[in-house]
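Containing PDB, C-alpha atoms: start.pdb.
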```pdb
ATOM      1  CA  MET A  46      -6.521   6.567  12.909  1.00  0.00           C
ATOM      2  CA  SER A  47      -4.370   5.550  15.825  1.00  0.00           C
ATOM      3  CA  THR A  48      -1.632   7.870  16.961  1.00  0.00           C
ATOM      4  CA  GLU A  49      -0.678   6.174  20.202  1.00  0.00           C
ATOM      5  CA  HIS A  50       2.292   3.832  20.399  1.00  0.00           C
ATOM      6  CA  VAL A  51       3.826   5.017  17.128  1.00  0.00           C
ATOM      7  CA  PRO A  52       7.603   4.745  17.590  1.00  0.00           C
ATOM      8  CA  ASP A  53       9.536   7.981  17.058  1.00  0.00           C
ATOM      9  CA  THR A  54      11.058   7.034  13.713  1.00  0.00           C
ATOM     10  CA  LEU A  55       7.716   5.996  12.221  1.00  0.00           C
ATOM     11  CA  ALA A  56       6.057   9.096  13.695  1.00  0.00           C
ATOM     12  CA  GLU A  57       8.718  11.285  12.063  1.00  0.00           C
ATOM     13  CA  ILE A  58       8.207   9.557   8.720  1.00  0.00           C
ATOM     14  CA  ARG A  59       4.438  10.023   9.014  1.00  0.00           C
ATOM     15  CA  ASP A  60       4.875  13.684   9.921  1.00  0.00           C
ATOM     16  CA  ASP A  61       7.224  14.210   6.966  1.00  0.00           C
ATOM     17  CA  PHE A  62       4.484  12.960   4.651  1.00  0.00           C
ATOM     18  CA  LEU A  63       1.734  14.957   6.321  1.00  0.00           C
ATOM     19  CA  ASP A  64       3.807  18.171   6.305  1.00  0.00           C
ATOM     20  CA  LEU A  65       3.956  18.039   2.502  1.00  0.00           C
ATOM     21  CA  PRO A  66       1.198  19.138   0.167  1.00  0.00           C
ATOM     22  CA  GLU A  67      -0.640  16.053  -1.045  1.00  0.00           C
ATOM     23  CA  SER A  68       0.773  16.575  -4.550  1.00  0.00           C
ATOM     24  CA  ASP A  69       4.363  16.141  -3.268  1.00  0.00           C
ATOM     25  CA  ARG A  70       3.839  13.022  -1.160  1.00  0.00           C
ATOM     26  CA  LEU A  71       4.436  10.563  -4.003  1.00  0.00           C
ATOM     27  CA  SER A  72       7.841  12.142  -4.578  1.00  0.00           C
ATOM     28  CA  LEU A  73       8.747  11.438  -0.960  1.00  0.00           C
ATOM     29  CA  LEU A  74       7.521   7.867  -1.346  1.00  0.00           C
ATOM     30  CA  LEU A  75       9.819   7.499  -4.371  1.00  0.00           C
ATOM     31  CA  GLU A  76      12.718   8.828  -2.304  1.00  0.00           C
ATOM     32  CA  PHE A  77      12.044   6.077   0.211  1.00  0.00           C
ATOM     33  CA  ALA A  78      11.944   3.551  -2.650  1.00  0.00           C
ATOM     34  CA  ASN A  79      15.473   4.599  -3.592  1.00  0.00           C
ATOM     35  CA  GLU A  80      16.604   4.273   0.027  1.00  0.00           C
ATOM     36  CA  LEU A  81      15.556   0.669   0.682  1.00  0.00           C
ATOM     37  CA  PRO A  82      18.610  -0.764   2.438  1.00  0.00           C
ATOM     38  CA  ALA A  83      20.326  -3.692   0.767  1.00  0.00           C
ATOM     39  CA  VAL A  84      19.949  -7.013   2.513  1.00  0.00           C
ATOM     40  CA  PRO A  85      23.002  -8.479   4.236  1.00  0.00           C
ATOM     41  CA  ALA A  86      24.971 -10.981   2.161  1.00  0.00           C
ATOM     42  CA  GLU A  87      24.158 -13.834   4.545  1.00  0.00           C
ATOM     43  CA  LEU A  88      20.448 -13.311   3.831  1.00  0.00           C
ATOM     44  CA  ALA A  89      20.805 -12.536   0.136  1.00  0.00           C
ATOM     45  CA  ASP A  90      22.209 -16.033  -0.373  1.00  0.00           C
ATOM     46  CA  HIS A  91      19.261 -17.639   1.456  1.00  0.00           C
ATOM     47  CA  PRO A  92      15.944 -16.568  -0.066  1.00  0.00           C
ATOM     48  CA  GLU A  93      14.202 -19.376   1.820  1.00  0.00           C
ATOM     49  CA  MET A  94      14.651 -17.302   4.986  1.00  0.00           C
ATOM     50  CA  TYR A  95      12.291 -14.623   3.631  1.00  0.00           C
ATOM     51  CA  GLU A  96       8.516 -14.579   3.794  1.00  0.00           C
ATOM     52  CA  ARG A  97       6.606 -13.558   0.691  1.00  0.00           C
ATOM     53  CA  VAL A  98       4.082 -10.793   1.365  1.00  0.00           C
ATOM     54  CA  ALA A  99       1.123 -12.204  -0.535  1.00  0.00           C
ATOM     55  CA  GLU A 100      -0.897  -9.017  -0.028  1.00  0.00           C
ATOM     56  CA  CYS A 101       1.482  -7.222  -2.402  1.00  0.00           C
ATOM     57  CA  GLN A 102       1.034  -7.512  -6.153  1.00  0.00           C
ATOM     58  CA  SER A 103       4.792  -7.171  -6.593  1.00  0.00           C
ATOM     59  CA  PRO A 104       7.171  -9.813  -5.252  1.00  0.00           C
ATOM     60  CA  VAL A 105       8.010  -8.434  -1.817  1.00  0.00           C
ATOM     61  CA  PHE A 106       9.846 -10.536   0.733  1.00  0.00           C
ATOM     62  CA  ILE A 107      10.609  -9.702   4.364  1.00  0.00           C
ATOM     63  CA  HIS A 108      12.779 -11.168   7.069  1.00  0.00           C
ATOM     64  CA  LEU A 109      12.975 -10.061  10.680  1.00  0.00           C
ATOM     65  CA  ASP A 110      15.485 -11.039  13.328  1.00  0.00           C
ATOM     66  CA  VAL A 111      14.991 -10.528  17.043  1.00  0.00           C
ATOM     67  CA  GLN A 112      18.265 -10.517  18.953  1.00  0.00           C
ATOM     68  CA  ASP A 113      18.374  -9.457  22.603  1.00  0.00           C
ATOM     69  CA  ASP A 114      14.846  -8.083  22.103  1.00  0.00           C
ATOM     70  CA  VAL A 115      16.038  -5.753  19.310  1.00  0.00           C
ATOM     71  CA  VAL A 116      14.337  -6.170  15.957  1.00  0.00           C
ATOM     72  CA  HIS A 117      16.136  -5.997  12.618  1.00  0.00           C
ATOM     73  CA  MET A 118      13.996  -5.908   9.492  1.00  0.00           C
ATOM     74  CA  HIS A 119      15.094  -6.645   5.942  1.00  0.00           C
ATOM     75  CA  ALA A 120      13.016  -6.490   2.793  1.00  0.00           C
ATOM     76  CA  THR A 121      13.364  -6.959  -0.922  1.00  0.00           C
ATOM     77  CA  ALA A 122      11.140  -5.345  -3.514  1.00  0.00           C
ATOM     78  CA  PRO A 123      11.789  -4.910  -7.234  1.00  0.00           C
ATOM     79  CA  PRO A 124      12.929  -1.517  -8.555  1.00  0.00           C
ATOM     80  CA  GLU A 125      10.114  -1.599 -11.115  1.00  0.00           C
ATOM     81  CA  ALA A 126       7.588  -1.436  -8.231  1.00  0.00           C
ATOM     82  CA  PRO A 127       8.546   1.907  -6.645  1.00  0.00           C
ATOM     83  CA  THR A 128       5.369   2.361  -4.592  1.00  0.00           C
ATOM     84  CA  THR A 129       5.690  -1.041  -2.982  1.00  0.00           C
ATOM     85  CA  ARG A 130       9.435  -0.591  -2.599  1.00  0.00           C
ATOM     86  CA  GLY A 131       8.821   2.757  -0.896  1.00  0.00           C
ATOM     87  CA  PHE A 132       6.397   1.203   1.571  1.00  0.00           C
ATOM     88  CA  ALA A 133       8.892  -1.585   2.329  1.00  0.00           C
ATOM     89  CA  SER A 134      11.625   1.007   2.873  1.00  0.00           C
ATOM     90  CA  ILE A 135       9.453   3.011   5.285  1.00  0.00           C
ATOM     91  CA  LEU A 136       8.863  -0.090   7.382  1.00  0.00           C
ATOM     92  CA  VAL A 137      12.481  -1.243   7.277  1.00  0.00           C
ATOM     93  CA  GLN A 138      13.773   2.191   8.272  1.00  0.00           C
ATOM     94  CA  GLY A 139      11.046   2.668  10.865  1.00  0.00           C
ATOM     95  CA  ILE A 140      11.180  -0.765  12.488  1.00  0.00           C
ATOM     96  CA  ASP A 141      14.883  -1.643  12.416  1.00  0.00           C
ATOM     97  CA  GLY A 142      16.367  -1.159  15.872  1.00  0.00           C
ATOM     98  CA  LEU A 143      13.080  -1.106  17.786  1.00  0.00           C
ATOM     99  CA  THR A 144      12.324  -3.461  20.637  1.00  0.00           C
ATOM    100  CA  ALA A 145       9.903  -6.303  20.033  1.00  0.00           C
ATOM    101  CA  ASP A 146       7.282  -4.582  22.215  1.00  0.00           C
ATOM    102  CA  GLU A 147       7.595  -1.370  20.192  1.00  0.00           C
ATOM    103  CA  VAL A 148       7.062  -3.254  16.932  1.00  0.00           C
ATOM    104  CA  LEU A 149       4.062  -5.124  18.284  1.00  0.00           C
ATOM    105  CA  ALA A 150       2.531  -1.842  19.513  1.00  0.00           C
ATOM    106  CA  ILE A 151       2.632  -0.164  16.077  1.00  0.00           C
ATOM    107  CA  PRO A 152      -0.992   0.580  15.184  1.00  0.00           C
ATOM    108  CA  ASN A 153      -2.262  -1.712  12.445  1.00  0.00           C
ATOM    109  CA  ASP A 154      -3.601   1.326  10.602  1.00  0.00           C
ATOM    110  CA  TYR A 155      -0.207   3.049  10.436  1.00  0.00           C
ATOM    111  CA  PRO A 156      -0.105   2.765   6.604  1.00  0.00           C
ATOM    112  CA  GLN A 157      -3.355   4.737   6.375  1.00  0.00           C
ATOM    113  CA  SER A 158      -1.866   7.524   8.518  1.00  0.00           C
ATOM    114  CA  LEU A 159       0.717   8.573   5.901  1.00  0.00           C
ATOM    115  CA  GLY A 160      -1.717  10.686   3.902  1.00  0.00           C
ATOM    116  CA  LEU A 161      -1.378   8.583   0.762  1.00  0.00           C
ATOM    117  CA  THR A 162      -4.817   6.987   0.622  1.00  0.00           C
ATOM    118  CA  LYS A 163      -6.005   9.399  -2.094  1.00  0.00           C
ATOM    119  CA  LEU A 164      -2.808   8.993  -4.119  1.00  0.00           C
ATOM    120  CA  VAL A 165      -2.296   5.234  -4.283  1.00  0.00           C
ATOM    121  CA  SER A 166      -4.766   2.416  -4.700  1.00  0.00           C
ATOM    122  CA  PRO A 167      -6.331   0.697  -1.693  1.00  0.00           C
ATOM    123  CA  LEU A 168      -4.575  -2.448  -2.928  1.00  0.00           C
ATOM    124  CA  ARG A 169      -1.184  -0.758  -2.407  1.00  0.00           C
ATOM    125  CA  ILE A 170      -2.122   0.459   1.080  1.00  0.00           C
ATOM    126  CA  GLY A 171      -3.314  -3.088   1.784  1.00  0.00           C
ATOM    127  CA  GLY A 172       0.089  -4.357   0.693  1.00  0.00           C
ATOM    128  CA  MET A 173       1.854  -2.141   3.205  1.00  0.00           C
ATOM    129  CA  THR A 174      -0.604  -3.236   5.881  1.00  0.00           C
ATOM    130  CA  GLY A 175       0.204  -6.839   4.949  1.00  0.00           C
ATOM    131  CA  MET A 176       3.926  -6.134   5.325  1.00  0.00           C
ATOM    132  CA  LEU A 177       3.335  -4.652   8.773  1.00  0.00           C
ATOM    133  CA  MET A 178       1.142  -7.549   9.913  1.00  0.00           C
ATOM    134  CA  ARG A 179       3.631 -10.136   8.681  1.00  0.00           C
ATOM    135  CA  ALA A 180       6.456  -8.239  10.385  1.00  0.00           C
ATOM    136  CA  LYS A 181       4.562  -8.284  13.670  1.00  0.00           C
ATOM    137  CA  ASN A 182       3.851 -11.997  13.228  1.00  0.00           C
ATOM    138  CA  GLN A 183       7.538 -12.742  12.624  1.00  0.00           C
ATOM    139  CA  VAL A 184       8.499 -10.749  15.730  1.00  0.00           C
ATOM    140  CA  THR A 185       6.003 -12.724  17.808  1.00  0.00           C
ATOM    141  CA  GLN A 186       7.252 -16.044  16.442  1.00  0.00           C
ATOM    142  CA  LYS A 187      10.943 -15.224  16.809  1.00  0.00           C
ATOM    143  CA  ARG A 188      10.564 -13.647  20.195  1.00  0.00           C
ATOM    144  CA  CYS A 189       8.791 -16.683  21.644  1.00  0.00           C
ATOM    145  CA  PRO A 190       9.890 -19.537  19.410  1.00  0.00           C
ATOM    146  CA  SER A 191       7.748 -22.594  19.916  1.00  0.00           C
ATOM    147  CA  THR A 192       9.300 -24.540  17.066  1.00  0.00           C
ATOM    148  CA  GLY A 193      12.693 -24.909  18.694  1.00  0.00           C
ATOM    149  CA  SER A 194      14.380 -23.090  15.813  1.00  0.00           C
ATOM    150  CA  GLY A 195      14.521 -19.656  17.425  1.00  0.00           C
ATOM    151  CA  THR A 196      18.217 -19.670  18.237  1.00  0.00           C
ATOM    152  CA  ASP A 197      20.657 -19.167  15.449  1.00  0.00           C
ATOM    153  CA  ASP A 198      24.410 -18.988  15.667  1.00  0.00           C
ATOM    154  CA  GLY A 199      25.591 -16.174  13.560  1.00  0.00           C
TER     155      GLY A 199
END
```

Written form, structure tokens:
Amino acid sequence: MSTEHVPDTLAEIRDDFLDLPESDRLSLLLEFANELPAVPAELADHPEMYERVAECQSPVFIHLDVQDDVVHMHATAPPEAPTTRGFASILVQGIDGLTADEVLAIPNDYPQSLGLTKLVSPLRIGGMTGMLMRAKNQVTQKRCPSTGSGTDDG
């Protein structure tokens, strides 16, 4: 698994998981599920601004903004899907505030580095990988908008 180019916050989160006995890692994931930041009101009223993460079984939606090369990530995931919600929270907390280059440099296998592959299904890990890939795609699109819609007043 890749260890290079992991931003400090994501590296700390990974290390927190790996420092725990395997049997306690799901509890930490549930803590993250409870810490998923609420979306700002201006986004909550506009669900069309979110992208559905089709790789997730649960309805997970993400939205990233890139302003002055700083990335802000928002996600929604239902409370009844704590594993998926935990993964979304890890990415939101780990990505928010990074530069676009830092986000794009996150190793694609970061979800596998958390030490959860024996505890959750491959489908769930694939969901987190899907969230990460879609986040990177949104950063690329919003950093270099080719559609002409990359500047928002707000």

Reference answer for the PyMOL selection byres ((chain A and resi 169-184) around 8), as an MDAnalysis selection string | chainID A and resid 98:102 107:111 116 118 128:129 132:133 136 145 148:149 153:157 162 165:168 185:188

May I ask which of the residues A:Glu147, A:Asp114, A:Glu57, A:Asp69 is the closest one to Leu161 in chain A, counting only C-alpha atoms?
->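 Selected residue with least distance to Leu161 in chain A: A:Asp69.
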
Can you tell me how far CA of Gly142 in chain A sits from CA of Pro127 in chain A, in Å to one decimal?
->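 Calculated distance between CA of Gly142 in chain A and CA of Pro127 in chain A is 24.0 Å.
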
Give me, please, the distance in Å between CA of Asp53 in chain A and CA of Ile140 in chain A, quoted to one decimal.
->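 Taking CA of Asp53 in chain A and CA of Ile140 in chain A, their separation equals 10.0 Å.
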
Can you work out which one of A:Val137, A:Cys189, A:Ala78, A:Leu71 has the shortest atom-to-atom distance to Leu55 in chain A, counting all atoms listed in the file?
-> A:Val137

Between CA of Ile135 in chain A and CA of Ile58 in chain A, what is the spacing in Å?
->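 Straight-line distance from CA of Ile58 in chain A to CA of Ile135 in chain A works out to 7.5 Å.
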
With only C-alpha atoms as the atoms that count, which of A:Ala83, A:Leu75, A:Val51, A:Ile151 lies nearest to Glu125 in chain A?
-> A:Leu75

Which of A:Thr54, A:Asp113, A:Phe106, A:Glu67 sits closest to His91 in chain A [using all atoms listed in the file] =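 Among A:Thr54, A:Asp113, A:Phe106, A:Glu67, it is A:Phe106 that comes nearest to His91 in chain A.
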
Find the residue from A:Ala120, A:Leu63, A:Ala150, A:Leu74 that sits nearest to Leu88 in chain A; use only C-alpha atoms when measuring.
-> A:Ala120

Name the closest residue to Arg97 in chain A among the candidates A:Ser68, A:Thr121, A:Leu81, A:Pro152; distances are taken between atoms, counting only C-alpha atoms.
->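 Closest to Arg97 in chain A, using only C-alpha atoms: A:Thr121.
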
Generate the coordinates of all heavy atoms for range 126-137 of chain A; report them as a PDB file, keeping the file's coordinate frame.
```
ATOM      1  N   ALA A 126       8.788  -1.616  -9.059  1.00  0.00           N
ATOM      2  CA  ALA A 126       7.588  -1.436  -8.231  1.00  0.00           C
ATOM      3  C   ALA A 126       7.889  -0.371  -7.170  1.00  0.00           C
ATOM      4  O   ALA A 126       7.984  -0.677  -5.981  1.00  0.00           O
ATOM      5  CB  ALA A 126       7.186  -2.757  -7.588  1.00  0.00           C
ATOM      6  N   PRO A 127       8.073   0.885  -7.587  1.00  0.00           N
ATOM      7  CA  PRO A 127       8.546   1.907  -6.645  1.00  0.00           C
ATOM      8  C   PRO A 127       7.591   2.192  -5.483  1.00  0.00           C
ATOM      9  O   PRO A 127       8.055   2.485  -4.380  1.00  0.00           O
ATOM     10  CB  PRO A 127       8.749   3.140  -7.518  1.00  0.00           C
ATOM     11  CG  PRO A 127       7.921   2.916  -8.730  1.00  0.00           C
ATOM     12  CD  PRO A 127       7.872   1.422  -8.933  1.00  0.00           C
ATOM     13  N   THR A 128       6.295   2.109  -5.694  1.00  0.00           N
ATOM     14  CA  THR A 128       5.369   2.361  -4.592  1.00  0.00           C
ATOM     15  C   THR A 128       5.544   1.299  -3.510  1.00  0.00           C
ATOM     16  O   THR A 128       5.717   1.614  -2.325  1.00  0.00           O
ATOM     17  CB  THR A 128       3.910   2.372  -5.099  1.00  0.00           C
ATOM     18  OG1 THR A 128       3.781   3.388  -6.087  1.00  0.00           O
ATOM     19  CG2 THR A 128       2.934   2.624  -3.978  1.00  0.00           C
ATOM     20  N   THR A 129       5.533   0.064  -3.923  1.00  0.00           N
ATOM     21  CA  THR A 129       5.690  -1.041  -2.982  1.00  0.00           C
ATOM     22  C   THR A 129       7.069  -0.992  -2.334  1.00  0.00           C
ATOM     23  O   THR A 129       7.208  -1.209  -1.126  1.00  0.00           O
ATOM     24  CB  THR A 129       5.483  -2.382  -3.710  1.00  0.00           C
ATOM     25  OG1 THR A 129       4.190  -2.362  -4.314  1.00  0.00           O
ATOM     26  CG2 THR A 129       5.592  -3.551  -2.770  1.00  0.00           C
ATOM     27  N   ARG A 130       8.067  -0.704  -3.115  1.00  0.00           N
ATOM     28  CA  ARG A 130       9.435  -0.591  -2.599  1.00  0.00           C
ATOM     29  C   ARG A 130       9.529   0.543  -1.570  1.00  0.00           C
ATOM     30  O   ARG A 130      10.188   0.419  -0.548  1.00  0.00           O
ATOM     31  CB  ARG A 130      10.389  -0.366  -3.767  1.00  0.00           C
ATOM     32  CG  ARG A 130      11.829  -0.468  -3.425  1.00  0.00           C
ATOM     33  CD  ARG A 130      12.687  -0.366  -4.708  1.00  0.00           C
ATOM     34  NE  ARG A 130      14.078  -0.254  -4.388  1.00  0.00           N
ATOM     35  CZ  ARG A 130      14.873  -1.281  -4.156  1.00  0.00           C
ATOM     36  NH1 ARG A 130      14.407  -2.511  -4.247  1.00  0.00           N
ATOM     37  NH2 ARG A 130      16.136  -1.094  -3.852  1.00  0.00           N
ATOM     38  N   GLY A 131       8.839   1.640  -1.842  1.00  0.00           N
ATOM     39  CA  GLY A 131       8.821   2.757  -0.896  1.00  0.00           C
ATOM     40  C   GLY A 131       8.179   2.366   0.425  1.00  0.00           C
ATOM     41  O   GLY A 131       8.685   2.704   1.503  1.00  0.00           O
ATOM     42  N   PHE A 132       7.053   1.654   0.349  1.00  0.00           N
ATOM     43  CA  PHE A 132       6.397   1.203   1.571  1.00  0.00           C
ATOM     44  C   PHE A 132       7.302   0.252   2.354  1.00  0.00           C
ATOM     45  O   PHE A 132       7.396   0.336   3.580  1.00  0.00           O
ATOM     46  CB  PHE A 132       5.069   0.525   1.256  1.00  0.00           C
ATOM     47  CG  PHE A 132       3.966   1.474   0.877  1.00  0.00           C
ATOM     48  CD1 PHE A 132       3.027   1.107  -0.067  1.00  0.00           C
ATOM     49  CD2 PHE A 132       3.852   2.716   1.474  1.00  0.00           C
ATOM     50  CE1 PHE A 132       1.984   1.964  -0.408  1.00  0.00           C
ATOM     51  CE2 PHE A 132       2.824   3.586   1.138  1.00  0.00           C
ATOM     52  CZ  PHE A 132       1.882   3.208   0.193  1.00  0.00           C
ATOM     53  N   ALA A 133       7.974  -0.656   1.660  1.00  0.00           N
ATOM     54  CA  ALA A 133       8.892  -1.585   2.329  1.00  0.00           C
ATOM     55  C   ALA A 133      10.014  -0.808   3.012  1.00  0.00           C
ATOM     56  O   ALA A 133      10.389  -1.095   4.152  1.00  0.00           O
ATOM     57  CB  ALA A 133       9.452  -2.591   1.326  1.00  0.00           C
ATOM     58  N   SER A 134      10.537   0.196   2.325  1.00  0.00           N
ATOM     59  CA  SER A 134      11.625   1.007   2.873  1.00  0.00           C
ATOM     60  C   SER A 134      11.185   1.758   4.118  1.00  0.00           C
ATOM     61  O   SER A 134      11.925   1.846   5.103  1.00  0.00           O
ATOM     62  CB  SER A 134      12.124   1.978   1.802  1.00  0.00           C
ATOM     63  OG  SER A 134      13.181   2.770   2.294  1.00  0.00           O
ATOM     64  N   ILE A 135       9.977   2.308   4.101  1.00  0.00           N
ATOM     65  CA  ILE A 135       9.453   3.011   5.285  1.00  0.00           C
ATOM     66  C   ILE A 135       9.437   2.067   6.481  1.00  0.00           C
ATOM     67  O   ILE A 135       9.889   2.417   7.573  1.00  0.00           O
ATOM     68  CB  ILE A 135       8.038   3.557   5.009  1.00  0.00           C
ATOM     69  CG1 ILE A 135       8.110   4.742   4.039  1.00  0.00           C
ATOM     70  CG2 ILE A 135       7.338   3.957   6.313  1.00  0.00           C
ATOM     71  CD1 ILE A 135       6.762   5.166   3.479  1.00  0.00           C
ATOM     72  N   LEU A 136       8.941   0.862   6.270  1.00  0.00           N
ATOM     73  CA  LEU A 136       8.863  -0.090   7.382  1.00  0.00           C
ATOM     74  C   LEU A 136      10.246  -0.540   7.833  1.00  0.00           C
ATOM     75  O   LEU A 136      10.506  -0.619   9.039  1.00  0.00           O
ATOM     76  CB  LEU A 136       7.983  -1.282   7.016  1.00  0.00           C
ATOM     77  CG  LEU A 136       6.492  -0.955   6.915  1.00  0.00           C
ATOM     78  CD1 LEU A 136       5.704  -2.184   6.483  1.00  0.00           C
ATOM     79  CD2 LEU A 136       5.947  -0.405   8.228  1.00  0.00           C
ATOM     80  N   VAL A 137      11.135  -0.826   6.896  1.00  0.00           N
ATOM     81  CA  VAL A 137      12.481  -1.243   7.277  1.00  0.00           C
ATOM     82  C   VAL A 137      13.158  -0.136   8.087  1.00  0.00           C
ATOM     83  O   VAL A 137      13.711  -0.381   9.165  1.00  0.00           O
ATOM     84  CB  VAL A 137      13.325  -1.619   6.037  1.00  0.00           C
ATOM     85  CG1 VAL A 137      14.802  -1.768   6.404  1.00  0.00           C
ATOM     86  CG2 VAL A 137      12.805  -2.909   5.411  1.00  0.00           C
TER      87      VAL A 137
END
```
